[in-house]
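Below is structure_9.pdb, which holds PDB, N, CA and C atoms.
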```
ATOM      1  N   MET A 951     114.820  91.267 -26.871
ATOM      2  CA  MET A 951     115.384  90.549 -28.004
ATOM      3  C   MET A 951     115.272  91.423 -29.251
ATOM      4  N   PRO A 952     116.378  91.843 -29.852
ATOM      5  CA  PRO A 952     116.320  92.654 -31.067
ATOM      6  C   PRO A 952     115.733  91.857 -32.237
ATOM      7  N   THR A 953     114.991  92.551 -33.070
ATOM      8  CA  THR A 953     114.472  91.968 -34.300
ATOM      9  C   THR A 953     114.992  92.803 -35.466
ATOM     10  N   HIS A 954     114.842  92.276 -36.677
ATOM     11  CA  HIS A 954     115.330  93.026 -37.835
ATOM     12  C   HIS A 954     114.537  92.669 -39.089
ATOM     13  N   GLU A 955     114.703  93.536 -40.061
ATOM     14  CA  GLU A 955     114.195  93.283 -41.405
ATOM     15  C   GLU A 955     115.187  93.910 -42.376
ATOM     16  N   ALA A 956     115.139  93.513 -43.615
ATOM     17  CA  ALA A 956     116.036  94.051 -44.632
ATOM     18  C   ALA A 956     115.214  94.626 -45.770
ATOM     19  N   LEU A 957     115.550  95.838 -46.165
ATOM     20  CA  LEU A 957     114.908  96.420 -47.342
ATOM     21  C   LEU A 957     115.409  95.675 -48.580
ATOM     22  N   PRO A 958     114.622  95.667 -49.657
ATOM     23  CA  PRO A 958     115.041  94.952 -50.872
ATOM     24  C   PRO A 958     116.421  95.391 -51.380
ATOM     25  N   ARG A 959     116.719  96.682 -51.263
ATOM     26  CA  ARG A 959     118.021  97.181 -51.728
ATOM     27  C   ARG A 959     119.157  96.548 -50.930
ATOM     28  N   PHE A 960     118.958  96.369 -49.619
ATOM     29  CA  PHE A 960     119.963  95.731 -48.773
ATOM     30  C   PHE A 960     120.207  94.298 -49.242
ATOM     31  N   THR A 961     119.129  93.578 -49.495
ATOM     32  CA  THR A 961     119.245  92.189 -49.934
ATOM     33  C   THR A 961     120.012  92.099 -51.254
ATOM     34  N   THR A 962     119.714  92.993 -52.174
ATOM     35  CA  THR A 962     120.440  93.034 -53.453
ATOM     36  C   THR A 962     121.917  93.317 -53.216
ATOM     37  N   ASP A 963     122.212  94.320 -52.387
ATOM     38  CA  ASP A 963     123.595  94.658 -52.061
ATOM     39  C   ASP A 963     124.311  93.483 -51.410
ATOM     40  N   LEU A 964     123.643  92.810 -50.497
ATOM     41  CA  LEU A 964     124.235  91.699 -49.757
ATOM     42  C   LEU A 964     124.680  90.593 -50.706
ATOM     43  N   HIS A 965     123.888  90.304 -51.728
ATOM     44  CA  HIS A 965     124.229  89.256 -52.688
ATOM     45  C   HIS A 965     125.428  89.644 -53.556
ATOM     46  N   ARG A 966     125.734  90.930 -53.625
ATOM     47  CA  ARG A 966     126.886  91.398 -54.409
ATOM     48  C   ARG A 966     128.199  91.290 -53.630
ATOM     49  N   LEU A 967     128.115  91.114 -52.326
ATOM     50  CA  LEU A 967     129.326  90.972 -51.514
ATOM     51  C   LEU A 967     129.970  89.619 -51.771
ATOM     52  N   THR A 968     131.255  89.556 -51.505
ATOM     53  CA  THR A 968     131.943  88.266 -51.595
ATOM     54  C   THR A 968     131.518  87.417 -50.400
ATOM     55  N   PRO A 969     131.679  86.093 -50.496
ATOM     56  CA  PRO A 969     131.358  85.250 -49.341
ATOM     57  C   PRO A 969     132.130  85.675 -48.087
ATOM     58  N   GLU A 970     133.382  86.061 -48.244
ATOM     59  CA  GLU A 970     134.172  86.496 -47.087
ATOM     60  C   GLU A 970     133.602  87.776 -46.477
ATOM     61  N   GLN A 971     133.170  88.728 -47.310
ATOM     62  CA  GLN A 971     132.565  89.959 -46.796
ATOM     63  C   GLN A 971     131.267  89.653 -46.049
ATOM     64  N   ARG A 972     130.459  88.752 -46.577
ATOM     65  CA  ARG A 972     129.213  88.378 -45.894
ATOM     66  C   ARG A 972     129.502  87.730 -44.542
ATOM     67  N   ARG A 973     130.488  86.841 -44.505
ATOM     68  CA  ARG A 973     130.856  86.198 -43.234
ATOM     69  C   ARG A 973     131.350  87.225 -42.222
ATOM     70  N   THR A 974     132.178  88.153 -42.667
ATOM     71  CA  THR A 974     132.705  89.181 -41.771
ATOM     72  C   THR A 974     131.575  90.038 -41.224
ATOM     73  N   PHE A 975     130.670  90.462 -42.086
ATOM     74  CA  PHE A 975     129.536  91.268 -41.639
ATOM     75  C   PHE A 975     128.707  90.495 -40.624
ATOM     76  N   HIS A 976     128.417  89.238 -40.917
ATOM     77  CA  HIS A 976     127.621  88.408 -40.011
ATOM     78  C   HIS A 976     128.296  88.299 -38.644
ATOM     79  N   CYS A 977     129.599  88.099 -38.623
ATOM     80  CA  CYS A 977     130.335  88.011 -37.349
ATOM     81  C   CYS A 977     130.257  89.322 -36.568
ATOM     82  N   VAL A 978     130.429  90.437 -37.251
ATOM     83  CA  VAL A 978     130.359  91.745 -36.573
ATOM     84  C   VAL A 978     128.976  91.952 -35.973
ATOM     85  N   VAL A 979     127.949  91.612 -36.732
ATOM     86  CA  VAL A 979     126.581  91.803 -36.241
ATOM     87  C   VAL A 979     126.287  90.891 -35.058
ATOM     88  N   THR A 980     126.634  89.616 -35.179
ATOM     89  CA  THR A 980     126.274  88.671 -34.121
ATOM     90  C   THR A 980     127.159  88.784 -32.881
ATOM     91  N   ARG A 981     128.417  89.163 -33.056
ATOM     92  CA  ARG A 981     129.334  89.218 -31.914
ATOM     93  C   ARG A 981     129.433  90.580 -31.251
ATOM     94  N   SER A 982     129.054  91.644 -31.952
ATOM     95  CA  SER A 982     129.201  92.985 -31.387
ATOM     96  C   SER A 982     127.901  93.797 -31.419
ATOM     97  N   PHE A 983     127.325  93.947 -32.621
ATOM     98  CA  PHE A 983     126.163  94.815 -32.791
ATOM     99  C   PHE A 983     124.966  94.350 -31.957
ATOM    100  N   VAL A 984     124.570  93.092 -32.110
ATOM    101  CA  VAL A 984     123.410  92.571 -31.377
ATOM    102  C   VAL A 984     123.645  92.578 -29.864
ATOM    103  N   PRO A 985     124.802  92.119 -29.387
ATOM    104  CA  PRO A 985     125.018  92.207 -27.932
ATOM    105  C   PRO A 985     124.940  93.638 -27.400
ATOM    106  N   ASP A 986     125.424  94.609 -28.185
ATOM    107  CA  ASP A 986     125.336  96.004 -27.753
ATOM    108  C   ASP A 986     123.889  96.486 -27.741
ATOM    109  N   LEU A 987     123.084  96.047 -28.714
ATOM    110  CA  LEU A 987     121.656  96.381 -28.710
ATOM    111  C   LEU A 987     120.983  95.825 -27.463
ATOM    112  N   ARG A 988     121.291  94.574 -27.155
ATOM    113  CA  ARG A 988     120.702  93.923 -25.982
ATOM    114  C   ARG A 988     121.091  94.636 -24.691
ATOM    115  N   ALA A 989     122.269  95.237 -24.684
ATOM    116  CA  ALA A 989     122.761  95.932 -23.492
ATOM    117  C   ALA A 989     122.278  97.378 -23.418
ATOM    118  N   GLY A 990     121.386  97.762 -24.299
ATOM    119  CA  GLY A 990     120.822  99.103 -24.229
ATOM    120  C   GLY A 990     121.184 100.024 -25.368
ATOM    121  N   GLY A 991     121.905  99.533 -26.349
ATOM    122  CA  GLY A 991     122.197 100.343 -27.528
ATOM    123  C   GLY A 991     123.354 101.304 -27.383
ATOM    124  N   HIS A 992     124.190 101.107 -26.384
ATOM    125  CA  HIS A 992     125.409 101.899 -26.272
ATOM    126  C   HIS A 992     126.505 101.117 -26.972
ATOM    127  N   PHE A 993     126.767 101.498 -28.230
ATOM    128  CA  PHE A 993     127.638 100.711 -29.085
ATOM    129  C   PHE A 993     129.109 100.945 -28.781
ATOM    130  N   ARG A 994     129.876  99.873 -28.830
ATOM    131  CA  ARG A 994     131.323  99.974 -28.635
ATOM    132  C   ARG A 994     131.925 100.817 -29.751
ATOM    133  N   THR A 995     132.998 101.507 -29.432
ATOM    134  CA  THR A 995     133.608 102.431 -30.397
ATOM    135  C   THR A 995     134.133 101.714 -31.628
ATOM    136  N   GLY A 996     134.514 100.452 -31.500
ATOM    137  CA  GLY A 996     135.035  99.701 -32.637
ATOM    138  C   GLY A 996     134.047  99.533 -33.774
ATOM    139  N   LEU A 997     132.757  99.675 -33.494
ATOM    140  CA  LEU A 997     131.739  99.568 -34.545
ATOM    141  C   LEU A 997     131.640 100.855 -35.367
ATOM    142  N   ARG A 998     132.173 101.937 -34.824
ATOM    143  CA  ARG A 998     132.175 103.244 -35.506
ATOM    144  C   ARG A 998     130.793 103.611 -36.034
ATOM    145  N   ILE A 999     129.812 103.527 -35.167
ATOM    146  CA  ILE A 999     128.442 103.876 -35.545
ATOM    147  C   ILE A 999     128.262 105.379 -35.448
ATOM    148  N   LYS A1000     127.695 105.932 -36.510
ATOM    149  CA  LYS A1000     127.410 107.368 -36.518
ATOM    150  C   LYS A1000     126.213 107.631 -37.426
ATOM    151  N   ARG A1001     125.641 108.781 -37.258
ATOM    152  CA  ARG A1001     124.496 109.177 -38.097
ATOM    153  C   ARG A1001     124.964 109.489 -39.516
ATOM    154  N   VAL A1002     124.085 109.213 -40.474
ATOM    155  CA  VAL A1002     124.370 109.563 -41.861
ATOM    156  C   VAL A1002     123.871 110.987 -42.071
ATOM    157  N   ARG A1003     124.765 111.828 -42.500
ATOM    158  CA  ARG A1003     124.438 113.237 -42.709
ATOM    159  C   ARG A1003     123.321 113.387 -43.746
ATOM    160  N   ARG A1004     122.389 114.255 -43.466
ATOM    161  CA  ARG A1004     121.251 114.590 -44.338
ATOM    162  C   ARG A1004     120.253 113.457 -44.521
ATOM    163  N   MET A1005     120.338 112.445 -43.667
ATOM    164  CA  MET A1005     119.370 111.346 -43.704
ATOM    165  C   MET A1005     118.902 111.109 -42.274
ATOM    166  N   PRO A1006     117.899 111.872 -41.807
ATOM    167  CA  PRO A1006     117.458 111.736 -40.413
ATOM    168  C   PRO A1006     117.073 110.302 -40.063
ATOM    169  N   GLY A1007     117.594 109.838 -38.932
ATOM    170  CA  GLY A1007     117.249 108.519 -38.444
ATOM    171  C   GLY A1007     118.017 107.370 -39.067
ATOM    172  N   VAL A1008     118.952 107.668 -39.973
ATOM    173  CA  VAL A1008     119.748 106.624 -40.624
ATOM    174  C   VAL A1008     121.154 106.642 -40.025
ATOM    175  N   TYR A1009     121.657 105.452 -39.729
ATOM    176  CA  TYR A1009     122.969 105.296 -39.112
ATOM    177  C   TYR A1009     123.871 104.447 -39.994
ATOM    178  N   GLU A1010     125.161 104.603 -39.773
ATOM    179  CA  GLU A1010     126.181 103.837 -40.486
ATOM    180  C   GLU A1010     126.919 102.945 -39.498
ATOM    181  N   LEU A1011     127.176 101.734 -39.900
ATOM    182  CA  LEU A1011     128.006 100.785 -39.174
ATOM    183  C   LEU A1011     129.182 100.465 -40.089
ATOM    184  N   THR A1012     130.394 100.664 -39.606
ATOM    185  CA  THR A1012     131.579 100.364 -40.399
ATOM    186  C   THR A1012     132.112  99.007 -39.968
ATOM    187  N   TRP A1013     132.422  98.167 -40.909
ATOM    188  CA  TRP A1013     132.957  96.840 -40.611
ATOM    189  C   TRP A1013     134.083  96.518 -41.584
ATOM    190  N   SER A1014     135.110  95.907 -41.077
ATOM    191  CA  SER A1014     136.230  95.400 -41.868
ATOM    192  C   SER A1014     136.784  96.408 -42.874
ATOM    193  N   GLY A1015     137.344  97.482 -42.377
ATOM    194  CA  GLY A1015     137.980  98.457 -43.260
ATOM    195  C   GLY A1015     136.985  99.249 -44.066
ATOM    196  N   GLY A1016     136.771  98.875 -45.327
ATOM    197  CA  GLY A1016     135.901  99.633 -46.210
ATOM    198  C   GLY A1016     134.444  99.227 -46.195
ATOM    199  N   GLY A1017     134.085  98.214 -45.418
ATOM    200  CA  GLY A1017     132.700  97.748 -45.392
ATOM    201  C   GLY A1017     131.799  98.697 -44.626
ATOM    202  N   ARG A1018     130.631  98.955 -45.184
ATOM    203  CA  ARG A1018     129.657  99.839 -44.551
ATOM    204  C   ARG A1018     128.273  99.212 -44.655
ATOM    205  N   ALA A1019     127.459  99.465 -43.661
ATOM    206  CA  ALA A1019     126.045  99.097 -43.724
ATOM    207  C   ALA A1019     125.267 100.255 -43.121
ATOM    208  N   THR A1020     124.152 100.593 -43.737
ATOM    209  CA  THR A1020     123.294 101.623 -43.173
ATOM    210  C   THR A1020     122.038 100.964 -42.635
ATOM    211  N   TRP A1021     121.497 101.571 -41.573
ATOM    212  CA  TRP A1021     120.337 100.998 -40.894
ATOM    213  C   TRP A1021     119.589 102.100 -40.167
ATOM    214  N   SER A1022     118.378 101.775 -39.774
ATOM    215  CA  SER A1022     117.572 102.696 -38.971
ATOM    216  C   SER A1022     116.775 101.861 -37.968
ATOM    217  N   TYR A1023     116.272 102.547 -36.975
ATOM    218  CA  TYR A1023     115.406 101.875 -36.008
ATOM    219  C   TYR A1023     113.993 101.844 -36.569
ATOM    220  N   GLY A1024     113.319 100.718 -36.384
ATOM    221  CA  GLY A1024     111.927 100.586 -36.765
ATOM    222  C   GLY A1024     111.066 100.488 -35.521
ATOM    223  N   THR A1025     109.791 100.301 -35.718
ATOM    224  CA  THR A1025     108.863 100.138 -34.605
ATOM    225  C   THR A1025     109.120  98.806 -33.923
ATOM    226  N   GLU A1026     109.282  98.853 -32.616
ATOM    227  CA  GLU A1026     109.560  97.660 -31.829
ATOM    228  C   GLU A1026     108.460  96.623 -32.046
ATOM    229  N   ARG A1027     108.853  95.392 -32.329
ATOM    230  CA  ARG A1027     107.869  94.333 -32.571
ATOM    231  C   ARG A1027     107.637  93.496 -31.326
ATOM    232  N   ILE A1028     108.697  93.212 -30.637
ATOM    233  CA  ILE A1028     108.626  92.588 -29.326
ATOM    234  C   ILE A1028     109.577  93.402 -28.464
ATOM    235  N   ARG A1029     109.688  93.081 -27.217
ATOM    236  CA  ARG A1029     110.560  93.875 -26.353
ATOM    237  C   ARG A1029     111.989  93.872 -26.907
ATOM    238  N   GLY A1030     112.498  95.031 -27.219
ATOM    239  CA  GLY A1030     113.837  95.178 -27.786
ATOM    240  C   GLY A1030     113.793  95.965 -29.073
ATOM    241  N   ALA A1031     114.953  96.392 -29.511
ATOM    242  CA  ALA A1031     115.059  97.226 -30.715
ATOM    243  C   ALA A1031     114.674  96.441 -31.971
ATOM    244  N   HIS A1032     114.155  97.177 -32.949
ATOM    245  CA  HIS A1032     113.890  96.607 -34.270
ATOM    246  C   HIS A1032     114.764  97.372 -35.257
ATOM    247  N   ILE A1033     115.599  96.664 -35.985
ATOM    248  CA  ILE A1033     116.541  97.277 -36.912
ATOM    249  C   ILE A1033     116.079  97.041 -38.343
ATOM    250  N   ILE A1034     116.155  98.096 -39.142
ATOM    251  CA  ILE A1034     115.853  97.997 -40.568
ATOM    252  C   ILE A1034     117.168  98.192 -41.315
ATOM    253  N   TRP A1035     117.663  97.130 -41.900
ATOM    254  CA  TRP A1035     118.886  97.210 -42.693
ATOM    255  C   TRP A1035     118.537  97.829 -44.035
ATOM    256  N   ARG A1036     119.303  98.850 -44.436
ATOM    257  CA  ARG A1036     118.979  99.637 -45.619
ATOM    258  C   ARG A1036     119.918  99.380 -46.803
ATOM    259  N   ARG A1037     121.221  99.495 -46.581
ATOM    260  CA  ARG A1037     122.233  99.298 -47.636
ATOM    261  C   ARG A1037     123.448  98.610 -47.033
ATOM    262  N   ILE A1038     124.231  97.941 -47.863
ATOM    263  CA  ILE A1038     125.482  97.327 -47.422
ATOM    264  C   ILE A1038     126.443  97.306 -48.598
ATOM    265  N   GLY A1039     127.710  97.515 -48.298
ATOM    266  CA  GLY A1039     128.744  97.497 -49.333
ATOM    267  C   GLY A1039     129.944  98.298 -48.888
ATOM    268  N   THR A1040     130.425  99.150 -49.782
ATOM    269  CA  THR A1040     131.532 100.041 -49.454
ATOM    270  C   THR A1040     130.986 101.457 -49.321
ATOM    271  N   HIS A1041     131.869 102.437 -49.354
ATOM    272  CA  HIS A1041     131.429 103.823 -49.153
ATOM    273  C   HIS A1041     130.377 104.252 -50.170
ATOM    274  N   ASP A1042     130.268 103.571 -51.296
ATOM    275  CA  ASP A1042     129.280 103.933 -52.323
ATOM    276  C   ASP A1042     127.837 103.758 -51.863
ATOM    277  N   VAL A1043     127.594 103.081 -50.730
ATOM    278  CA  VAL A1043     126.219 102.937 -50.239
ATOM    279  C   VAL A1043     125.641 104.286 -49.838
ATOM    280  N   PHE A1044     126.488 105.295 -49.700
ATOM    281  CA  PHE A1044     125.989 106.604 -49.281
ATOM    282  C   PHE A1044     125.414 107.406 -50.436
ATOM    283  N   THR A1045     125.467 106.881 -51.651
ATOM    284  CA  THR A1045     124.832 107.573 -52.762
ATOM    285  C   THR A1045     123.309 107.533 -52.589
ATOM    286  N   SER A1046     122.815 106.525 -51.886
ATOM    287  CA  SER A1046     121.385 106.407 -51.606
ATOM    288  C   SER A1046     121.219 105.536 -50.363
ATOM    289  N   PRO A1047     121.564 106.087 -49.159
ATOM    290  CA  PRO A1047     121.539 105.256 -47.958
ATOM    291  C   PRO A1047     120.151 104.801 -47.571
TER     292      PRO A1047
END
```
Translate the structure described by the file into structure tokens.
Amino acid sequence: MPTHEALPRFTTDLHRLTPEQRRTFHCVVTRSFVPDLRAGGHFRTGLRIKRVRRMPGVYELTWSGGGRATWSYGTERIRGAHIIWRRIGTHDVFTSP
């Protein structure tokens, strides 16, 4: 069972999104990202997950056109991956992922 936490910056960014952007992100995470984690972390190509350049261990998830979220793996808390959500928004999240 995957677990997660959000850094304070992520929470601040999340509140700046429109309600529609938050709903879209939630759907992508619950319908695609989490099921792929449960299946072993081989993400479907539609999620466009890739490493963030010059930030070891940080990954990008692209959602709904210009939407981006950065995340990293944390220490497993129970059996399954632990995700640390770092930033969310548009491409500008890469100024400090």
When you draw a straight line from atom CA of A:Thr1040 to atom CA of A:Arg1018, how long is it in Å?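 Those two atoms sit 5.3 Å apart.
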Selected residue of minimal separation from A:Thr1020 among A:Ile1034, A:Leu997, A:Ala989, A:Leu967, counting only C-alpha atoms: A:Ile1034
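Among the candidates A:Asp963, A:Asp1042, A:Glu1026, A:Glu1010, the one nearest to A:Phe983 when counting only C-alpha atoms is A:Glu1010.
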Rank A:Leu1011, A:Met1005, A:Leu964, A:Ala956 by their smallest atom-to-atom distance to A:Ser982, using only C-alpha atoms, and report the top residue only. A:Leu1011
Please extract the residues of chain A with a backbone DSSP assignment of strand (DSSP E or B) and present them as a count of residues only. 28
Straight-line distance linking atom C of A:Gly1007 with atom C of A:Glu970, stated in Å to one decimal: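 Interatomic distance here is 26.1 Å.
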Can you tell me how far atom N of A:Thr980 sits from atom CA of A:Arg1004, in Å to one decimal? 27.1 Å
With DSSP run on the backbone, what are the helix (DSSP H, G or I) residues within stretch 952-1045 of chain A? I'd like them as a PDB file with N, CA and C atoms, keeping the file's coordinate frame.
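What landed in out_18.pdb:
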```pdb
ATOM      1  N   PRO A 958     114.622  95.667 -49.657  1.00  0.00           N
ATOM      2  CA  PRO A 958     115.041  94.952 -50.872  1.00  0.00           C
ATOM      3  C   PRO A 958     116.421  95.391 -51.380  1.00  0.00           C
ATOM      4  N   ARG A 959     116.719  96.682 -51.263  1.00  0.00           N
ATOM      5  CA  ARG A 959     118.021  97.181 -51.728  1.00  0.00           C
ATOM      6  C   ARG A 959     119.157  96.548 -50.930  1.00  0.00           C
ATOM      7  N   PHE A 960     118.958  96.369 -49.619  1.00  0.00           N
ATOM      8  CA  PHE A 960     119.963  95.731 -48.773  1.00  0.00           C
ATOM      9  C   PHE A 960     120.207  94.298 -49.242  1.00  0.00           C
ATOM     10  N   THR A 961     119.129  93.578 -49.495  1.00  0.00           N
ATOM     11  CA  THR A 961     119.245  92.189 -49.934  1.00  0.00           C
ATOM     12  C   THR A 961     120.012  92.099 -51.254  1.00  0.00           C
ATOM     13  N   THR A 962     119.714  92.993 -52.174  1.00  0.00           N
ATOM     14  CA  THR A 962     120.440  93.034 -53.453  1.00  0.00           C
ATOM     15  C   THR A 962     121.917  93.317 -53.216  1.00  0.00           C
ATOM     16  N   ASP A 963     122.212  94.320 -52.387  1.00  0.00           N
ATOM     17  CA  ASP A 963     123.595  94.658 -52.061  1.00  0.00           C
ATOM     18  C   ASP A 963     124.311  93.483 -51.410  1.00  0.00           C
ATOM     19  N   LEU A 964     123.643  92.810 -50.497  1.00  0.00           N
ATOM     20  CA  LEU A 964     124.235  91.699 -49.757  1.00  0.00           C
ATOM     21  C   LEU A 964     124.680  90.593 -50.706  1.00  0.00           C
ATOM     22  N   HIS A 965     123.888  90.304 -51.728  1.00  0.00           N
ATOM     23  CA  HIS A 965     124.229  89.256 -52.688  1.00  0.00           C
ATOM     24  C   HIS A 965     125.428  89.644 -53.556  1.00  0.00           C
ATOM     25  N   ARG A 966     125.734  90.930 -53.625  1.00  0.00           N
ATOM     26  CA  ARG A 966     126.886  91.398 -54.409  1.00  0.00           C
ATOM     27  C   ARG A 966     128.199  91.290 -53.630  1.00  0.00           C
ATOM     28  N   PRO A 969     131.679  86.093 -50.496  1.00  0.00           N
ATOM     29  CA  PRO A 969     131.358  85.250 -49.341  1.00  0.00           C
ATOM     30  C   PRO A 969     132.130  85.675 -48.087  1.00  0.00           C
ATOM     31  N   GLU A 970     133.382  86.061 -48.244  1.00  0.00           N
ATOM     32  CA  GLU A 970     134.172  86.496 -47.087  1.00  0.00           C
ATOM     33  C   GLU A 970     133.602  87.776 -46.477  1.00  0.00           C
ATOM     34  N   GLN A 971     133.170  88.728 -47.310  1.00  0.00           N
ATOM     35  CA  GLN A 971     132.565  89.959 -46.796  1.00  0.00           C
ATOM     36  C   GLN A 971     131.267  89.653 -46.049  1.00  0.00           C
ATOM     37  N   ARG A 972     130.459  88.752 -46.577  1.00  0.00           N
ATOM     38  CA  ARG A 972     129.213  88.378 -45.894  1.00  0.00           C
ATOM     39  C   ARG A 972     129.502  87.730 -44.542  1.00  0.00           C
ATOM     40  N   ARG A 973     130.488  86.841 -44.505  1.00  0.00           N
ATOM     41  CA  ARG A 973     130.856  86.198 -43.234  1.00  0.00           C
ATOM     42  C   ARG A 973     131.350  87.225 -42.222  1.00  0.00           C
ATOM     43  N   THR A 974     132.178  88.153 -42.667  1.00  0.00           N
ATOM     44  CA  THR A 974     132.705  89.181 -41.771  1.00  0.00           C
ATOM     45  C   THR A 974     131.575  90.038 -41.224  1.00  0.00           C
ATOM     46  N   PHE A 975     130.670  90.462 -42.086  1.00  0.00           N
ATOM     47  CA  PHE A 975     129.536  91.268 -41.639  1.00  0.00           C
ATOM     48  C   PHE A 975     128.707  90.495 -40.624  1.00  0.00           C
ATOM     49  N   HIS A 976     128.417  89.238 -40.917  1.00  0.00           N
ATOM     50  CA  HIS A 976     127.621  88.408 -40.011  1.00  0.00           C
ATOM     51  C   HIS A 976     128.296  88.299 -38.644  1.00  0.00           C
ATOM     52  N   CYS A 977     129.599  88.099 -38.623  1.00  0.00           N
ATOM     53  CA  CYS A 977     130.335  88.011 -37.349  1.00  0.00           C
ATOM     54  C   CYS A 977     130.257  89.322 -36.568  1.00  0.00           C
ATOM     55  N   VAL A 978     130.429  90.437 -37.251  1.00  0.00           N
ATOM     56  CA  VAL A 978     130.359  91.745 -36.573  1.00  0.00           C
ATOM     57  C   VAL A 978     128.976  91.952 -35.973  1.00  0.00           C
ATOM     58  N   VAL A 979     127.949  91.612 -36.732  1.00  0.00           N
ATOM     59  CA  VAL A 979     126.581  91.803 -36.241  1.00  0.00           C
ATOM     60  C   VAL A 979     126.287  90.891 -35.058  1.00  0.00           C
ATOM     61  N   THR A 980     126.634  89.616 -35.179  1.00  0.00           N
ATOM     62  CA  THR A 980     126.274  88.671 -34.121  1.00  0.00           C
ATOM     63  C   THR A 980     127.159  88.784 -32.881  1.00  0.00           C
ATOM     64  N   ARG A 981     128.417  89.163 -33.056  1.00  0.00           N
ATOM     65  CA  ARG A 981     129.334  89.218 -31.914  1.00  0.00           C
ATOM     66  C   ARG A 981     129.433  90.580 -31.251  1.00  0.00           C
ATOM     67  N   SER A 982     129.054  91.644 -31.952  1.00  0.00           N
ATOM     68  CA  SER A 982     129.201  92.985 -31.387  1.00  0.00           C
ATOM     69  C   SER A 982     127.901  93.797 -31.419  1.00  0.00           C
ATOM     70  N   PHE A 983     127.325  93.947 -32.621  1.00  0.00           N
ATOM     71  CA  PHE A 983     126.163  94.815 -32.791  1.00  0.00           C
ATOM     72  C   PHE A 983     124.966  94.350 -31.957  1.00  0.00           C
ATOM     73  N   VAL A 984     124.570  93.092 -32.110  1.00  0.00           N
ATOM     74  CA  VAL A 984     123.410  92.571 -31.377  1.00  0.00           C
ATOM     75  C   VAL A 984     123.645  92.578 -29.864  1.00  0.00           C
ATOM     76  N   PRO A 985     124.802  92.119 -29.387  1.00  0.00           N
ATOM     77  CA  PRO A 985     125.018  92.207 -27.932  1.00  0.00           C
ATOM     78  C   PRO A 985     124.940  93.638 -27.400  1.00  0.00           C
ATOM     79  N   ASP A 986     125.424  94.609 -28.185  1.00  0.00           N
ATOM     80  CA  ASP A 986     125.336  96.004 -27.753  1.00  0.00           C
ATOM     81  C   ASP A 986     123.889  96.486 -27.741  1.00  0.00           C
ATOM     82  N   LEU A 987     123.084  96.047 -28.714  1.00  0.00           N
ATOM     83  CA  LEU A 987     121.656  96.381 -28.710  1.00  0.00           C
ATOM     84  C   LEU A 987     120.983  95.825 -27.463  1.00  0.00           C
ATOM     85  N   ARG A 988     121.291  94.574 -27.155  1.00  0.00           N
ATOM     86  CA  ARG A 988     120.702  93.923 -25.982  1.00  0.00           C
ATOM     87  C   ARG A 988     121.091  94.636 -24.691  1.00  0.00           C
ATOM     88  N   THR A 995     132.998 101.507 -29.432  1.00  0.00           N
ATOM     89  CA  THR A 995     133.608 102.431 -30.397  1.00  0.00           C
ATOM     90  C   THR A 995     134.133 101.714 -31.628  1.00  0.00           C
ATOM     91  N   GLY A 996     134.514 100.452 -31.500  1.00  0.00           N
ATOM     92  CA  GLY A 996     135.035  99.701 -32.637  1.00  0.00           C
ATOM     93  C   GLY A 996     134.047  99.533 -33.774  1.00  0.00           C
ATOM     94  N   LEU A 997     132.757  99.675 -33.494  1.00  0.00           N
ATOM     95  CA  LEU A 997     131.739  99.568 -34.545  1.00  0.00           C
ATOM     96  C   LEU A 997     131.640 100.855 -35.367  1.00  0.00           C
ATOM     97  N   HIS A1041     131.869 102.437 -49.354  1.00  0.00           N
ATOM     98  CA  HIS A1041     131.429 103.823 -49.153  1.00  0.00           C
ATOM     99  C   HIS A1041     130.377 104.252 -50.170  1.00  0.00           C
ATOM    100  N   ASP A1042     130.268 103.571 -51.296  1.00  0.00           N
ATOM    101  CA  ASP A1042     129.280 103.933 -52.323  1.00  0.00           C
ATOM    102  C   ASP A1042     127.837 103.758 -51.863  1.00  0.00           C
ATOM    103  N   VAL A1043     127.594 103.081 -50.730  1.00  0.00           N
ATOM    104  CA  VAL A1043     126.219 102.937 -50.239  1.00  0.00           C
ATOM    105  C   VAL A1043     125.641 104.286 -49.838  1.00  0.00           C
ATOM    106  N   PHE A1044     126.488 105.295 -49.700  1.00  0.00           N
ATOM    107  CA  PHE A1044     125.989 106.604 -49.281  1.00  0.00           C
ATOM    108  C   PHE A1044     125.414 107.406 -50.436  1.00  0.00           C
ATOM    109  N   THR A1045     125.467 106.881 -51.651  1.00  0.00           N
ATOM    110  CA  THR A1045     124.832 107.573 -52.762  1.00  0.00           C
ATOM    111  C   THR A1045     123.309 107.533 -52.589  1.00  0.00           C
TER     112      THR A1045
END
```
